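Peer 1: Structure: start.tsv, TSV, C-alpha atoms.
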```
chain	number	residue	atom	x	y	z
Q	121	MET	CA	117.32	69.34	111.88
Q	122	ARG	CA	115.09	66.26	111.63
Q	123	SER	CA	113.90	65.13	108.21
Q	124	ILE	CA	111.04	62.88	107.05
Q	125	GLN	CA	110.52	61.56	103.53
Q	126	VAL	CA	107.00	60.51	102.51
Q	127	TYR	CA	105.30	59.67	99.22
Q	128	GLU	CA	102.40	61.59	97.73
Q	129	HIS	CA	98.97	60.24	98.74
Q	130	SER	CA	100.50	58.62	101.84
Q	131	PHE	CA	99.40	59.00	105.49
Q	132	LEU	CA	101.64	60.55	108.15
Q	133	ALA	CA	100.48	59.97	111.73
Q	134	VAL	CA	101.25	62.13	114.76
Q	135	GLY	CA	104.08	60.46	116.68
Q	136	GLU	CA	105.58	58.87	113.56
Q	137	SER	CA	109.23	59.69	112.73
Q	138	GLY	CA	109.27	62.82	114.90
Q	139	PHE	CA	106.02	64.28	113.54
Q	140	GLU	CA	104.44	65.83	116.65
Q	141	LYS	CA	101.13	67.44	117.57
Q	142	GLY	CA	102.56	70.95	117.10
Q	143	HIS	CA	103.62	70.09	113.55
Q	144	PHE	CA	100.13	68.73	112.85
Q	145	VAL	CA	98.52	71.99	114.07
Q	146	ALA	CA	100.92	74.08	111.94
Q	147	LEU	CA	100.15	71.99	108.83
Q	148	SER	CA	96.42	72.39	109.44
Q	149	LYS	CA	96.87	76.20	109.54
Q	150	LEU	CA	98.92	76.10	106.33
Q	151	ASN	CA	96.25	73.97	104.63
Q	152	ASP	CA	93.56	76.42	105.71
Q	153	ILE	CA	95.47	79.37	104.20
Q	154	HIS	CA	95.71	77.55	100.84
Q	155	GLY	CA	92.11	76.38	100.64
Q	156	PHE	CA	92.74	72.83	101.91
Q	157	GLN	CA	94.39	71.84	98.64
Q	158	TYR	CA	97.68	70.39	99.90
Q	159	PHE	CA	96.47	67.53	102.11
Q	160	ASP	CA	93.48	66.04	103.93
Q	161	LEU	CA	93.40	66.25	107.72
Q	162	LYS	CA	92.51	62.99	109.46
Q	163	HIS	CA	92.32	62.00	113.12
Q	164	ASN	CA	95.88	62.36	114.42
Q	165	GLY	CA	97.51	62.66	111.00
Q	166	VAL	CA	97.51	64.01	107.45
Q	167	VAL	CA	96.97	62.37	104.06
Q	168	PHE	CA	99.03	64.08	101.38
Q	169	LYS	CA	97.53	64.79	97.97
Q	170	GLN	CA	99.19	65.18	94.56
Q	171	TYR	CA	101.49	68.00	95.74
Q	172	VAL	CA	105.19	67.21	96.02
Q	173	GLY	CA	108.07	69.25	97.41
Q	174	VAL	CA	109.18	70.22	100.88
Q	175	ILE	CA	107.71	71.70	104.08
Q	176	GLN	CA	109.83	72.95	106.98
Q	177	VAL	CA	108.26	73.68	110.35
Q	178	GLU	CA	109.86	74.06	113.77
Q	179	GLY	CA	113.01	72.04	113.15
Q	180	LEU	CA	111.28	69.35	111.08
Q	181	THR	CA	111.62	68.99	107.30
Q	182	ILE	CA	109.00	66.92	105.44
Q	183	GLU	CA	109.87	65.96	101.88
Q	184	ILE	CA	106.92	64.79	99.78
Q	185	LEU	CA	108.10	62.64	96.87
Q	186	PRO	CA	106.34	61.44	93.71
Q	187	LYS	CA	105.63	57.78	93.00
Q	188	ILE	CA	104.10	55.74	90.17
Q	189	ASP	CA	103.46	52.51	92.05
Q	190	VAL	CA	101.15	52.20	95.05
Q	191	HIS	CA	103.58	49.63	96.46
Q	192	GLU	CA	106.71	51.77	96.05
Q	193	SER	CA	109.26	50.60	98.62
Q	194	GLU	CA	110.88	52.74	101.31
Q	195	ASP	CA	114.41	52.12	100.02
Q	196	ARG	CA	113.57	53.85	96.71
Q	197	LYS	CA	112.85	57.24	98.27
Q	198	GLY	CA	116.36	58.45	97.44
Q	199	ILE	CA	115.75	57.61	93.77
Q	200	TRP	CA	112.47	59.52	93.68
Q	201	GLN	CA	114.06	62.50	95.42
Q	202	MET	CA	116.59	62.69	92.57
Q	203	VAL	CA	113.82	62.25	89.96
Q	204	LEU	CA	111.85	65.13	91.51
Q	205	ILE	CA	114.92	67.39	91.49
Q	206	GLU	CA	115.58	66.50	87.85
Q	207	MET	CA	111.93	67.19	86.90
Q	208	LEU	CA	112.16	70.61	88.53
Q	209	ARG	CA	115.39	71.26	86.64
Q	210	VAL	CA	113.92	70.18	83.29
Q	211	THR	CA	110.86	72.38	83.81
Q	212	ARG	CA	113.12	75.29	84.86
Q	213	LYS	CA	111.72	75.48	88.39
Q	214	LEU	CA	115.15	74.67	89.78
Q	215	GLN	CA	118.69	75.31	88.55
Q	216	VAL	CA	121.01	72.37	89.10
Q	217	GLN	CA	123.70	71.59	86.54
Q	218	GLN	CA	123.51	67.87	87.21
Q	219	VAL	CA	121.26	65.97	89.57
Q	220	GLY	CA	124.27	64.25	91.10
Q	221	GLN	CA	125.60	67.58	92.37
Q	222	ALA	CA	122.65	67.94	94.71
Q	223	ASN	CA	123.83	65.21	97.06
Q	224	VAL	CA	127.59	65.59	96.73
Q	225	SER	CA	129.30	65.45	100.15
Q	226	ARG	CA	126.05	65.87	102.05
Q	227	GLN	CA	123.78	62.91	102.69
Q	228	SER	CA	121.02	64.87	104.44
Q	229	ILE	CA	120.49	67.63	101.86
Q	230	HIS	CA	116.91	68.21	100.76
Q	231	LEU	CA	115.01	70.30	98.24
Q	232	LEU	CA	114.73	73.37	100.48
Q	233	ASP	CA	118.52	73.44	100.95
Q	234	ILE	CA	118.97	73.39	97.17
Q	235	TYR	CA	116.67	76.38	96.71
Q	236	PHE	CA	118.36	78.28	99.57
Q	237	GLU	CA	121.81	77.51	98.15
Q	238	TRP	CA	120.70	78.61	94.68
Q	239	PHE	CA	119.44	81.92	96.11
Q	240	LEU	CA	122.64	82.55	98.10
Q	241	ASN	CA	124.71	81.86	94.97
Q	242	GLU	CA	122.64	84.40	93.01
Q	243	VAL	CA	122.97	87.08	95.70
Q	244	GLN	CA	126.72	86.49	95.98
Q	245	LEU	CA	127.01	86.90	92.22
Q	246	LEU	CA	125.11	90.20	92.37
Q	247	ILE	CA	127.38	91.46	95.18
Q	248	HIS	CA	130.45	90.47	93.14
Q	249	GLN	CA	129.12	92.24	90.03
Q	250	GLY	CA	128.15	95.34	92.03
Q	251	LEU	CA	124.76	96.13	93.53
Q	252	ILE	CA	122.86	98.87	91.75
Q	253	LYS	CA	121.69	102.17	93.22
Q	254	GLN	CA	118.27	103.66	92.54
Q	255	TYR	CA	116.42	106.90	93.12
Q	256	TYR	CA	113.55	106.76	95.58
Q	257	LYS	CA	111.49	109.30	97.52
Q	258	GLU	CA	112.14	109.75	101.22
Q	259	THR	CA	110.07	111.82	103.65
Q	260	GLY	CA	111.61	112.87	106.96
Q	261	ASN	CA	113.64	115.37	108.95
Q	262	VAL	CA	116.92	116.60	107.42
Q	263	LYS	CA	119.42	119.22	108.56
Q	264	ALA	CA	119.59	120.96	105.18
Q	265	LEU	CA	116.63	122.08	103.11
Q	266	LYS	CA	116.27	119.87	100.02
Q	267	GLY	CA	113.36	118.68	97.97
Q	268	LYS	CA	109.82	119.79	98.87
Q	269	LEU	CA	109.10	121.17	102.32
Q	270	GLU	CA	106.13	119.35	103.89
Q	271	PHE	CA	104.76	122.43	105.67
Q	272	ALA	CA	102.16	120.77	107.92
Q	273	GLY	CA	104.61	118.09	109.04
Q	274	HIS	CA	107.36	120.66	109.48
Q	275	ILE	CA	105.22	122.76	111.84
Q	276	GLN	CA	104.15	119.66	113.80
Q	277	LYS	CA	107.61	118.14	114.25
Q	278	ASN	CA	109.99	121.10	114.21
Q	279	LEU	CA	108.31	123.83	116.21
Q	280	VAL	CA	111.19	123.71	118.68
Q	281	HIS	CA	113.97	122.39	116.40
Q	282	LYS	CA	114.44	125.34	114.06
Q	283	GLU	CA	117.58	123.78	112.56
Q	284	ARG	CA	115.63	120.87	110.95
Q	285	PHE	CA	113.41	120.61	107.88
Q	286	TYR	CA	110.67	118.07	107.28
Q	287	THR	CA	110.86	117.41	103.53
Q	288	THR	CA	110.10	114.94	100.76
Q	289	HIS	CA	113.28	114.51	98.73
Q	290	GLN	CA	115.01	112.04	96.44
Q	291	GLU	CA	117.72	109.66	97.63
Q	292	TYR	CA	120.14	107.73	95.44
Q	293	ASP	CA	121.58	104.67	97.19
Q	294	LYS	CA	121.23	100.91	97.63
Q	295	ASP	CA	118.32	100.98	100.10
Q	296	HIS	CA	115.52	100.40	97.56
Q	297	LEU	CA	112.75	97.84	96.92
Q	298	LEU	CA	114.90	95.26	95.11
Q	299	HIS	CA	117.42	95.02	97.93
Q	300	GLN	CA	114.71	95.17	100.61
Q	301	ILE	CA	113.06	92.10	99.06
Q	302	LEU	CA	116.38	90.23	98.82
Q	303	GLY	CA	117.14	91.24	102.43
Q	304	GLN	CA	113.82	89.82	103.61
Q	305	ALA	CA	114.51	86.51	101.84
Q	306	LEU	CA	117.97	86.37	103.48
Q	307	GLU	CA	116.36	86.86	106.91
Q	308	ILE	CA	113.95	83.95	106.25
Q	309	ILE	CA	116.82	81.68	105.16
Q	310	ALA	CA	118.82	82.63	108.28
Q	311	THR	CA	115.80	81.80	110.45
Q	312	LEU	CA	115.09	78.44	108.82
Q	313	SER	CA	118.67	77.25	108.33
Q	314	LYS	CA	119.82	77.50	111.95
Q	315	GLY	CA	121.76	74.39	112.87
Q	316	ASN	CA	122.74	73.31	109.35
Q	317	TYR	CA	125.61	74.06	106.98
Q	318	LEU	CA	123.81	76.98	105.24
Q	319	PHE	CA	123.44	79.18	108.33
Q	320	SER	CA	127.05	80.43	108.46
Q	321	ARG	CA	127.08	80.97	104.70
Q	322	CYS	CA	123.86	82.98	104.88
Q	323	LYS	CA	125.33	85.15	107.65
Q	324	THR	CA	128.44	85.78	105.51
Q	325	VAL	CA	126.25	86.93	102.61
Q	326	GLN	CA	124.27	89.19	104.97
Q	327	LEU	CA	127.52	90.82	106.19
Q	328	ASN	CA	128.43	91.69	102.59
Q	329	PHE	CA	124.89	92.86	101.81
Q	330	PRO	CA	124.04	96.55	102.46
Q	331	GLU	CA	121.85	97.54	105.41
Q	332	VAL	CA	118.35	98.12	104.08
Q	333	LYS	CA	114.97	98.96	105.52
Q	334	LYS	CA	113.04	95.88	106.74
Q	335	ILE	CA	109.77	95.31	104.90
Q	336	ASN	CA	107.06	92.64	104.79
Q	337	ALA	CA	106.80	92.09	101.04
Q	338	ASN	CA	103.60	90.65	99.60
Q	339	GLU	CA	102.34	89.85	96.10
Q	340	ASN	CA	101.71	93.55	95.48
Q	341	ALA	CA	105.34	94.45	96.27
Q	342	PHE	CA	106.60	92.21	93.48
Q	343	THR	CA	104.34	93.92	90.92
Q	344	LYS	CA	106.10	97.23	91.70
Q	345	ILE	CA	109.54	95.96	90.68
Q	346	PRO	CA	110.66	97.93	87.60
Q	347	LYS	CA	111.77	95.90	84.57
Q	348	LEU	CA	114.80	97.80	83.32
Q	349	ARG	CA	118.09	96.90	81.71
Q	350	LYS	CA	119.85	97.64	85.01
Q	351	THR	CA	117.60	95.24	86.94
Q	352	ALA	CA	117.87	92.32	84.45
Q	353	PRO	CA	120.65	90.54	86.45
Q	354	TYR	CA	118.29	90.48	89.47
Q	355	GLU	CA	115.55	88.43	87.75
Q	356	THR	CA	116.61	84.98	88.97
Q	357	ALA	CA	117.33	86.09	92.54
Q	358	LEU	CA	113.99	87.94	92.72
Q	359	ALA	CA	112.11	84.92	91.31
Q	360	ILE	CA	113.55	82.68	94.06
Q	361	ALA	CA	112.97	85.39	96.69
Q	362	ARG	CA	109.34	85.58	95.57
Q	363	LEU	CA	108.98	81.81	95.96
Q	364	ILE	CA	110.53	81.91	99.45
Q	365	ILE	CA	108.72	85.00	100.77
Q	366	LEU	CA	105.22	84.22	99.47
Q	367	ASN	CA	105.41	80.64	100.74
Q	368	TYR	CA	106.62	81.63	104.21
Q	369	ALA	CA	103.02	81.38	105.48
Q	370	PRO	CA	102.79	84.90	107.01
Q	371	ASN	CA	99.78	84.05	109.21
Q	372	ILE	CA	101.68	81.15	110.76
Q	373	SER	CA	104.99	82.99	111.00
Q	374	SER	CA	103.42	85.65	113.23
Q	375	GLY	CA	102.73	82.94	115.81
Q	376	SER	CA	105.13	80.50	117.41
Q	377	GLU	CA	105.59	78.33	114.32
Q	378	LYS	CA	108.05	79.24	111.57
Q	379	MET	CA	107.02	77.48	108.40
Q	380	LEU	CA	108.01	77.45	104.74
Q	381	ALA	CA	106.34	75.25	102.13
Q	382	LEU	CA	107.54	74.80	98.53
Q	383	LEU	CA	104.98	72.49	96.92
Q	384	PHE	CA	104.29	71.67	93.28
Q	385	ASP	CA	101.26	70.03	91.67
Q	386	MET	CA	102.58	66.73	90.32
Q	387	ASN	CA	99.99	66.68	87.53
Q	388	SER	CA	101.24	70.02	86.22
Q	389	LEU	CA	104.90	69.06	86.71
Q	390	TRP	CA	104.44	65.81	84.74
Q	391	GLU	CA	102.63	67.63	81.93
Q	392	GLN	CA	105.40	70.24	81.61
Q	393	CYS	CA	108.13	67.60	81.74
Q	394	VAL	CA	106.50	65.55	78.94
Q	395	LEU	CA	105.91	68.70	76.85
Q	396	ILE	CA	109.55	69.83	77.12
Q	397	ARG	CA	110.90	66.36	76.27
Q	398	LEU	CA	108.56	66.15	73.25
Q	399	GLN	CA	109.66	69.59	72.03
Q	400	GLN	CA	113.30	68.51	72.34
Q	401	ALA	CA	112.63	65.44	70.17
Q	402	ALA	CA	110.25	67.16	67.70
Q	403	GLU	CA	112.88	68.14	65.12
Q	404	GLN	CA	113.94	64.53	64.56
Q	405	PHE	CA	110.36	63.64	63.56
Q	406	ASN	CA	109.62	66.86	61.65
Q	407	VAL	CA	106.67	67.78	63.86
Q	408	GLU	CA	105.58	70.83	65.85
Q	409	VAL	CA	104.70	70.36	69.52
Q	410	THR	CA	102.69	72.98	71.42
Q	411	GLY	CA	101.20	73.05	74.92
Q	412	GLN	CA	97.93	74.44	76.28
Q	413	GLU	CA	96.43	75.56	72.94
Q	414	LYS	CA	93.19	77.37	73.69
Q	415	LYS	CA	89.83	77.32	71.88
Q	416	THR	CA	86.54	78.85	72.96
Q	417	PHE	CA	84.08	76.18	74.03
Q	418	TRP	CA	81.02	78.05	75.31
Q	419	GLU	CA	80.75	81.81	75.84
Q	420	THR	CA	83.78	82.69	78.02
Q	421	ASN	CA	84.65	79.04	78.73
Q	422	SER	CA	87.54	77.51	76.83
Q	423	ILE	CA	89.21	74.10	76.46
Q	424	ARG	CA	92.95	73.43	76.43
Q	425	PRO	CA	94.48	70.03	75.71
Q	426	ASP	CA	97.83	69.48	77.40
Q	427	ILE	CA	99.80	68.81	74.20
Q	428	VAL	CA	99.04	69.15	70.48
Q	429	ILE	CA	101.33	67.55	67.87
Q	430	LYS	CA	101.14	68.89	64.30
Q	431	GLN	CA	102.74	67.70	61.08
Q	432	ASP	CA	102.56	69.82	57.92
Q	433	SER	CA	100.22	72.24	59.75
Q	434	LYS	CA	97.70	69.45	60.40
Q	435	VAL	CA	96.92	68.08	63.86
Q	436	LYS	CA	98.43	64.62	64.05
Q	437	LEU	CA	97.81	63.77	67.70
Q	438	ILE	CA	96.41	65.24	70.90
Q	439	ILE	CA	97.92	64.12	74.22
Q	440	ASP	CA	96.46	64.52	77.68
Q	441	THR	CA	98.89	63.62	80.47
Q	442	LYS	CA	97.68	61.97	83.69
Q	443	TRP	CA	99.93	61.44	86.70
Q	444	LYS	CA	98.26	58.33	88.07
Q	445	ASN	CA	98.53	54.57	87.91
Q	446	ILE	CA	95.89	52.81	85.79
Q	447	ASP	CA	97.00	49.20	86.41
Q	448	TYR	CA	93.87	48.50	88.37
Q	449	SER	CA	91.31	50.85	86.78
Q	450	ALA	CA	90.02	51.97	83.39
Q	451	PRO	CA	90.15	55.65	82.38
Q	452	SER	CA	87.34	57.73	83.80
Q	453	THR	CA	84.32	58.65	81.72
Q	454	HIS	CA	85.24	62.30	82.26
Q	455	ASP	CA	88.70	61.76	80.70
Q	456	LEU	CA	87.24	59.96	77.68
Q	457	ARG	CA	84.65	62.68	77.11
Q	458	GLN	CA	87.46	65.21	77.28
Q	459	MET	CA	89.42	63.40	74.56
Q	460	TYR	CA	86.31	63.11	72.38
Q	461	VAL	CA	85.80	66.89	72.53
Q	462	TYR	CA	89.49	67.58	71.83
Q	463	ASN	CA	89.34	65.39	68.71
Q	464	ARG	CA	86.25	67.21	67.45
Q	465	TYR	CA	87.51	70.75	68.10
Q	466	TRP	CA	91.02	70.19	66.74
Q	467	SER	CA	89.84	68.01	63.80
Q	468	SER	CA	92.11	65.24	65.01
Q	469	SER	CA	91.55	61.56	64.29
Q	470	HIS	CA	93.83	60.34	67.10
Q	471	SER	CA	94.25	61.21	70.77
Q	472	LEU	CA	96.27	59.70	73.60
Q	473	LEU	CA	95.79	59.47	77.36
Q	474	LEU	CA	99.36	59.23	78.61
Q	475	TYR	CA	100.24	57.73	82.01
Q	476	PRO	CA	103.56	57.20	83.84
Q	477	ALA	CA	104.87	53.66	84.26
Q	478	LYS	CA	108.00	51.64	84.90
Q	479	GLU	CA	107.94	50.39	81.32
Q	480	SER	CA	106.67	52.10	78.17
Q	481	GLY	CA	103.64	50.63	76.46
Q	482	ILE	CA	102.34	52.56	73.46
Q	483	ALA	CA	101.12	50.59	70.44
Q	484	LYS	CA	98.95	51.66	67.52
Q	485	ASP	CA	96.69	48.64	67.80
Q	486	GLN	CA	95.65	49.82	71.27
Q	487	TYR	CA	93.59	52.65	69.76
Q	488	LYS	CA	89.85	52.32	70.44
Q	489	ASN	CA	87.37	54.07	68.16
Q	490	PHE	CA	84.73	56.28	69.67
Q	491	VAL	CA	81.29	54.98	68.70
Q	492	ALA	CA	80.48	56.72	65.43
Q	493	ILE	CA	77.59	59.12	65.21
Q	494	GLU	CA	75.68	59.40	61.95
Q	495	ASN	CA	77.50	61.63	59.39
Q	496	GLU	CA	80.58	61.77	61.59
Q	497	GLU	CA	84.01	60.41	60.70
Q	498	ASN	CA	85.56	57.91	63.04
Q	499	HIS	CA	88.16	59.17	65.48
Q	500	CYS	CA	89.83	57.27	68.28
Q	501	CYS	CA	91.66	57.41	71.59
Q	502	MET	CA	94.44	55.29	73.02
Q	503	LEU	CA	95.76	54.56	76.48
Q	504	GLY	CA	99.52	54.74	76.65
Q	505	LYS	CA	102.24	54.44	79.27
Q	506	VAL	CA	105.72	55.86	79.13
Q	507	SER	CA	108.65	54.92	81.32
Q	508	VAL	CA	109.54	57.64	83.83
Q	509	LEU	CA	112.86	56.03	84.76
Q	510	ASN	CA	115.68	54.73	82.59
Q	511	ALA	CA	117.77	51.61	83.25
Q	512	ASP	CA	119.89	53.55	85.78
Q	513	ASP	CA	116.84	54.66	87.81
Q	514	LEU	CA	117.20	58.27	86.63
Q	515	LEU	CA	114.61	60.41	84.86
Q	516	ASN	CA	114.19	59.07	81.32
Q	517	GLU	CA	115.91	61.60	79.00
Q	518	ASN	CA	114.48	59.86	75.91
Q	519	LEU	CA	110.91	60.15	77.11
Q	520	GLY	CA	109.87	62.44	74.24
Q	521	TYR	CA	111.63	60.30	71.61
Q	522	ASP	CA	109.97	57.13	72.97
Q	523	ILE	CA	106.49	58.69	72.64
Q	524	LEU	CA	106.97	60.10	69.14
Q	525	GLU	CA	108.61	56.93	67.85
Q	526	SER	CA	105.63	54.87	69.03
Q	527	VAL	CA	102.79	57.09	67.82
Q	528	LEU	CA	104.21	58.47	64.57
```
Show me this structure written as C-alpha cells.

Peer 2:
Amino acid sequence: MRSIQVYEHSFLAVGESGFEKGHFVALSKLNDIHGFQYFDLKHNGVVFKQYVGVIQVEGLTIEILPKIDVHESEDRKGIWQMVLIEMLRVTRKLQVQQVGQANVSRQSIHLLDIYFEWFLNEVQLLIHQGLIKQYYKETGNVKALKGKLEFAGHIQKNLVHKERFYTTHQEYDKDHLLHQILGQALEIIATLSKGNYLFSRCKTVQLNFPEVKKINANENAFTKIPKLRKTAPYETALAIARLIILNYAPNISSGSEKMLALLFDMNSLWEQCVLIRLQQAAEQFNVEVTGQEKKTFWETNSIRPDIVIKQDSKVKLIIDTKWKNIDYSAPSTHDLRQMYVYNRYWSSSHSLLLYPAKESGIAKDQYKNFVAIENEENHCCMLGKVSVLNADDLLNENLGYDILESVL
C-alpha cells in the first residue's frame, strides 16, 4: 500500500509520488459528489483546500495534514500527523489513549488504519460481551404455518408445493439491522485493508461475527436504529460504522475504483479544539465558556460567535477562531464587521480574532477600538495568536490557559 503525505492548500500533480491519472479521475468524481468542496481540480493535478484527513483509492493512501506556516518543511509532516491525531482525540472524533500509541511498532500507520483498528476493537468487545438478538419481521416460505398467511403470495408461489406456507412472521435472532450495518463496515475494511496488517485481523473478526443479510446502508438506515438500553453498548461501533459507510463514496465504489475519504474541516476542528481547551481551563479563572451561542439577527437568520466567555453572568469576551496565517495580511473587512456585530448583540466591550501560530502573542494593548458612532459606547477588537505546539512539538495542552491568562 503506497502512501503520500501532503499539506492542506498544497498542489499534488499527476505522476508525483505515485499519484496516477486513475487516482486523479477518482478524486474528481469524489469532489463532484460532495459539491466540489474538498479540493480544486487543476490541469493534471489537485489543489487541496482546508479539509484534512485521509483518502484511500486503489492502493494509494493520501494523508492531508494541517499546517500553520506556508513554508512548513517536508521533514515536519510526521509532527503534524501526530498533532492532527491529537486534535481529533481532543474533539472526540477519534479515540486514542495517547498519541504515541498510534505509531508504536508500525512506521507506516496512517489515520485510516487508526479508525479501522478502533472499529475492530469495538466489534471484538461486543462479540466478547455477547451480541444481542432482536425481533424483526420476515416474509417468505416456511414449512410450518406461523404468523400471518400472505394469501396472494401463497397462491402465486405454492400452487404446486402444498407443504409450504408463504407468511409474514416474527424472527428472534442476530440477523437484524444493527449487525447488518456492522457487517457492511467489516466488508469495507476487508476490501480496503488488503495487503496490510489489518486484513488478517478483520477476517478473524468476521469469522467470529454471525452471518447476516448483506445490505447497502444509507443515511436513512441509520435513522432507523432504535435507541434502547440493550443497544447502548453499540453506540461507538455504529458511529464509526456510519463514518466508514457514508464516506465510502457509493457512486465510485460501483465502478472500478474503491475509495474511502475521511476528511474534516480544519476551521471547525480548530474551533472545537480551542473551545474544549478553554472549557478545561475555565474553572481556574472562574469563568463560563460556551460555544456557538445563537441569537436571531434578521427574520430566520441568526448569528453565532465561535466562543463566548462570561464572568458573573456578564459577557467578558467574544472569540472568533480562524485557522489561517496572518503574518502577511491584515484581517478581512468581513471578519471585522462580524466582530463588531457580535460585540453589539452580546453587549460585549471586547472581542478577539484568534489565529494559530508557533508562538503565542496576545496582549491587551493590541486592542483596537472600533470608530465610535454618536451615542454609542466604545468597544474594541484584538488580533491574537496562540501557540499550537508546545516545546516538544506536540499539541499545546495549555492552549486554553494561555488564552485566558492573557485576556483576563

Peer 1: Between atom CA of Q:Pro476 and atom CA of Q:Ser507, what is the distance, to one decimal in Å?

Peer 2: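 One can read the atom CA of Q:Pro476 to atom CA of Q:Ser507 distance as 6.1 Å.
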
Peer 1: Tell me, as a ChimeraX atom specification, which residues lie within 9 Å of Q:Glu517, counting only C-alpha atoms; anything in the same chain fewer than 6 positions away does not count.

Peer 2: /Q:397,508-510

Peer 1: Can you measure atom CA of Q:Gly173 to atom CA of Q:Tyr475 for me? One decimal in Å is fine.

Peer 2: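 For atom CA of Q:Gly173 relative to atom CA of Q:Tyr475, the distance reads 20.8 Å.
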
Peer 1: For each of Q:Asn516, Q:Gln458, Q:Ser313, Q:Asn445, take the minimum atom-to-atom distance to Q:Gly504, counting all atoms listed in the file, then give the residue where this is smallest.

Peer 2: Q:Asn445

Peer 1: Just want the 8 Å neighbourhood of stretch 324-333 of chain Q, counted on only C-alpha atoms, with same-chain residues fewer than 3 positions away dropped. Output as a PyMOL selection string.

Peer 2: chain Q and resi 240+243-244+247+294-296+299-300+303+306+320-321

Peer 1: So how many Å separate atom CA of Q:Gly520 and atom CA of Q:Asp440, to one decimal?

Peer 2: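 The value is 14.0 Å.
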
Peer 1: Extract, using only C-alpha atoms, all DNA, RNA and protein residues at most 8 Å from stretch 260-273 of chain Q, discarding same-chain residues fewer than 6 positions from it, and format them as a CSV table (one decimal) with C-alpha atoms, in the frame of the given file.

Peer 2:
```csv
chain,number,residue,atom,x,y,z
Q,283,GLU,CA,117.6,123.8,112.6
Q,284,ARG,CA,115.6,120.9,111.0
Q,285,PHE,CA,113.4,120.6,107.9
Q,286,TYR,CA,110.7,118.1,107.3
Q,287,THR,CA,110.9,117.4,103.5
Q,288,THR,CA,110.1,114.9,100.8
Q,289,HIS,CA,113.3,114.5,98.7
Q,290,GLN,CA,115.0,112.0,96.4
```

Peer 1: Nearest to Q:Glu178: which of Q:Leu147, Q:Leu503, Q:Ala477, Q:Leu297 is it, counting all atoms listed in the file?

Peer 2: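 Residue with the minimum atom-to-atom distance to Q:Glu178: Q:Leu147.
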
Peer 1: Would you be able to write out as JSON, numbers by chain which residues have an atom within 9 Å of (110.3, 72.4, 93.2) in the file's coordinates, counting all atoms listed in the file?

Peer 2: {"Q": [172, 173, 174, 204, 205, 207, 208, 209, 213, 214, 231, 232, 235, 382, 383, 384]}

Peer 1: Name the closest residue to Q:Ser469 among the candidates Q:His499, Q:Arg196, Q:Lys415, Q:Lys149; distances are taken between atoms, counting only C-alpha atoms.

Peer 2: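 Closest candidate: Q:His499.
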
Peer 1: Write out as a ChimeraX atom specification each polymer residue whose atoms come within 10 Å of stretch 133-136 of chain Q, counting all atoms listed in the file; drop sequence neighbours fewer than 4 positions from it.

Peer 2: /Q:124,140-144,162-167

Peer 1: Write out as a count of residues only each polymer residue whose atoms come within 12 Å of stretch 425-439 of chain Q, counting only C-alpha atoms; drop sequence neighbours fewer than 4 positions from it.

Peer 2: 60

Peer 1: Which is closer to Q:Glu237 than all the others in Q:Met379, Q:Leu185, Q:Ile309, Q:Leu180, using all atoms listed in the file?

Peer 2: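 Of the candidates, the smallest distance to Q:Glu237 is held by Q:Ile309.
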
Peer 1: Can you work out which one of Q:Pro186, Q:His281, Q:Gln176, Q:Asn241 has the shortest atom-to-atom distance to Q:Leu318, counting only C-alpha atoms?

Peer 2: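 Looking only at the distances to Q:Leu318, the closest residue turns out to be Q:Asn241.
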